[in-house]
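Q: Pasting a structure here, questions to come.
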Amino acid sequence: MRFRIFTLAAVAALIAVAPAACPAKTKKIHDDQKEKQWLSMENGPWWFAPDWYYYFLHKNYSGAEMYWKWAGFKSGYRVRFKEEKSNVKRIMPVRVTAEETQRQKLAKVEKERAHVESLYKEELAREADRAIDVTYSIYKDEFSRMQDCIADGLLYCLNKSKGKMKYQVDELSRQNEVICANIAYIHKQGVGYGLENAKRQQAYEEAKTAMGELVSRTARLAAVAATHY
């Protein structure tokens with residue numbers, strides 16, 4: 001008898017403890033009112049619930065208005081919501097504006113990056129152009145010919161005048177050294193010396209003109225030496 005009583009008491013205790021030992025099931029709760037509010041603020045229909053609650057307590061916020069609806073025996077006043085009457089607006093247009101602003105910023109950054117990249121490539125092309133003098137070969141032979149004319153003419157003046165035209169010869173020699181030094185500088189290649197070949201060509205043309213003028217002056221001085229000595 002005592003055993004039966006003990007057994008029944010043990011079973012009753014297990015039954016009482018069993019619900020506490022089993023994990024509790026979480027019940028999903030769907031709040032229709034909050035869903036409507038969130039959808040209204042995002043991009044869904046402009047609608048709130050409960051409608052009469054928002055009409056009486058949050059009319060300015062929700063843009064609620066009352067109207068009469070004919071529906072037979074169910075005719076009566078209803079509540080509808082108009083966004084244009086609300087003193088707040090949707091979040092979505094703000095997000096769209098922010099996204100557009102971000103897009104424009106990215107477009108501006110990309111445009112600036114492309115501009116900087118084009119400048120960088122242009123500078124690389126200029127650096128490559130400055131690295132090698134491809135125009136000197138055009139003028140090299142002409143410079144050599146004119147230098148021979150100047151050297152022979154000045155030597156003739158010194159010999160013909162027996163040194164009496166040394167001042168004039170030294171002056172023309174000094175001017176010739178300046179022209180040759182300029183040509184040598186233009187022809188220098190490497191970091192810090194390079195010019196674009198278009199600028200080199202222009203400088204060589206100027207040097208050629210100056211050297212040609214010096215050839216003419218040397219020829220006139222040689223003519224004076226031949227006449228007076």
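Residues in the structure tokens are numbered from 1 in each chain, the chains being A, B, ... in the order shown, and ligands are numbered from 1 in the order shown.
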At a cut-off of 10 Å, using only C-alpha atoms, what residues contact Ser62 (chain A)? Leave out same-chain residues fewer than 5 positions from it and give the result as a PyMOL selection string.
A: chain A and resi 37+40+46-48+51+54-55+57+80-89
Q: Would you save the residues of that selection, restricted to N, CA and C atoms, as a PDB file, in the first residue's frame?
A:
ATOM      1  N   GLN A  37       2.126  51.524 -40.120  1.00  0.00           N
ATOM      2  CA  GLN A  37       2.863  52.746 -39.837  1.00  0.00           C
ATOM      3  C   GLN A  37       4.223  52.731 -40.525  1.00  0.00           C
ATOM      4  N   SER A  40       3.831  53.104 -44.256  1.00  0.00           N
ATOM      5  CA  SER A  40       3.493  54.476 -44.608  1.00  0.00           C
ATOM      6  C   SER A  40       4.731  55.357 -44.615  1.00  0.00           C
ATOM      7  N   TRP A  46      -0.184  55.031 -47.789  1.00  0.00           N
ATOM      8  CA  TRP A  46      -0.263  55.956 -46.650  1.00  0.00           C
ATOM      9  C   TRP A  46      -1.520  55.593 -45.847  1.00  0.00           C
ATOM     10  N   TRP A  47      -1.332  54.746 -44.838  1.00  0.00           N
ATOM     11  CA  TRP A  47      -2.471  54.232 -44.082  1.00  0.00           C
ATOM     12  C   TRP A  47      -2.026  53.877 -42.675  1.00  0.00           C
ATOM     13  N   PHE A  48      -2.900  54.211 -41.690  1.00  0.00           N
ATOM     14  CA  PHE A  48      -2.583  53.951 -40.296  1.00  0.00           C
ATOM     15  C   PHE A  48      -3.754  53.241 -39.634  1.00  0.00           C
ATOM     16  N   ASP A  51      -7.793  53.594 -37.329  1.00  0.00           N
ATOM     17  CA  ASP A  51      -7.985  54.839 -38.052  1.00  0.00           C
ATOM     18  C   ASP A  51      -8.585  55.946 -37.194  1.00  0.00           C
ATOM     19  N   TYR A  54      -5.996  57.565 -34.854  1.00  0.00           N
ATOM     20  CA  TYR A  54      -5.133  58.556 -35.503  1.00  0.00           C
ATOM     21  C   TYR A  54      -5.919  59.805 -35.898  1.00  0.00           C
ATOM     22  N   TYR A  55      -7.230  59.631 -36.166  1.00  0.00           N
ATOM     23  CA  TYR A  55      -8.030  60.800 -36.525  1.00  0.00           C
ATOM     24  C   TYR A  55      -8.177  61.747 -35.338  1.00  0.00           C
ATOM     25  N   LEU A  57      -6.386  61.674 -32.316  1.00  0.00           N
ATOM     26  CA  LEU A  57      -5.186  61.983 -31.523  1.00  0.00           C
ATOM     27  C   LEU A  57      -3.962  62.356 -32.363  1.00  0.00           C
ATOM     28  N   ARG A  80      -9.959  58.399 -43.741  1.00  0.00           N
ATOM     29  CA  ARG A  80      -8.919  58.124 -44.732  1.00  0.00           C
ATOM     30  C   ARG A  80      -7.732  59.039 -44.448  1.00  0.00           C
ATOM     31  N   PHE A  81      -6.612  58.675 -44.998  1.00  0.00           N
ATOM     32  CA  PHE A  81      -5.365  59.394 -44.700  1.00  0.00           C
ATOM     33  C   PHE A  81      -4.774  59.953 -45.987  1.00  0.00           C
ATOM     34  N   LYS A  82      -4.383  61.220 -45.943  1.00  0.00           N
ATOM     35  CA  LYS A  82      -3.773  61.872 -47.099  1.00  0.00           C
ATOM     36  C   LYS A  82      -2.404  62.416 -46.694  1.00  0.00           C
ATOM     37  N   GLU A  83      -1.418  61.979 -47.437  1.00  0.00           N
ATOM     38  CA  GLU A  83      -0.045  62.367 -47.100  1.00  0.00           C
ATOM     39  C   GLU A  83       0.162  63.868 -47.223  1.00  0.00           C
ATOM     40  N   GLU A  84      -0.514  64.489 -48.203  1.00  0.00           N
ATOM     41  CA  GLU A  84      -0.286  65.926 -48.411  1.00  0.00           C
ATOM     42  C   GLU A  84      -0.795  66.763 -47.235  1.00  0.00           C
ATOM     43  N   LYS A  85      -1.708  66.198 -46.413  1.00  0.00           N
ATOM     44  CA  LYS A  85      -2.202  66.912 -45.238  1.00  0.00           C
ATOM     45  C   LYS A  85      -1.373  66.630 -43.987  1.00  0.00           C
ATOM     46  N   SER A  86      -0.413  65.751 -44.094  1.00  0.00           N
ATOM     47  CA  SER A  86       0.418  65.395 -42.949  1.00  0.00           C
ATOM     48  C   SER A  86       1.546  66.408 -42.777  1.00  0.00           C
ATOM     49  N   ASN A  87       1.912  66.659 -41.523  1.00  0.00           N
ATOM     50  CA  ASN A  87       3.039  67.568 -41.268  1.00  0.00           C
ATOM     51  C   ASN A  87       4.370  66.844 -41.238  1.00  0.00           C
ATOM     52  N   VAL A  88       4.365  65.552 -41.557  1.00  0.00           N
ATOM     53  CA  VAL A  88       5.600  64.795 -41.746  1.00  0.00           C
ATOM     54  C   VAL A  88       5.524  64.107 -43.092  1.00  0.00           C
ATOM     55  N   LYS A  89       6.664  63.728 -43.632  1.00  0.00           N
ATOM     56  CA  LYS A  89       6.687  63.085 -44.938  1.00  0.00           C
ATOM     57  C   LYS A  89       7.379  61.732 -44.826  1.00  0.00           C
TER      58      LYS A  89
END
Q: Please list as a PyMOL selection string every residue within 8 Å of region 133-144 of chain A, counting only C-alpha atoms and excluding residues in the same chain fewer than 5 positions away.
A: chain A and resi 187+189+197+200-201+204+208+211
Q: Go ahead and write the residues just picked, N, CA and C atoms, as a tab-separated table (two decimals), in the first residue's frame.
A:
chain	number	residue	atom	x	y	z
A	187	HIS	N	70.55	70.27	-75.78
A	187	HIS	CA	70.74	68.88	-76.17
A	187	HIS	C	70.90	67.95	-74.98
A	189	GLN	N	70.18	65.60	-71.93
A	189	GLN	CA	69.06	64.70	-71.72
A	189	GLN	C	69.13	64.13	-70.31
A	197	ASN	N	60.39	67.86	-77.30
A	197	ASN	CA	61.08	67.98	-78.59
A	197	ASN	C	60.56	69.15	-79.42
A	200	ARG	N	62.46	71.95	-78.03
A	200	ARG	CA	63.84	71.81	-78.49
A	200	ARG	C	63.99	72.31	-79.92
A	201	GLN	N	63.07	71.91	-80.77
A	201	GLN	CA	63.17	72.31	-82.17
A	201	GLN	C	63.08	73.83	-82.30
A	204	TYR	N	66.40	75.20	-81.22
A	204	TYR	CA	67.42	74.96	-82.25
A	204	TYR	C	67.26	75.93	-83.42
A	208	LYS	N	70.06	78.39	-84.61
A	208	LYS	CA	70.49	78.37	-86.02
A	208	LYS	C	70.48	79.77	-86.61
A	211	MET	N	73.40	81.69	-85.06
A	211	MET	CA	74.68	81.22	-85.61
A	211	MET	C	74.83	81.67	-87.05
Q: From region 161-212 of chain A, collect each residue whose DSSP state is alpha helix (DSSP H) and return the set as an MDAnalysis selection string.
A: chainID A and resid 161 166:187 197:212
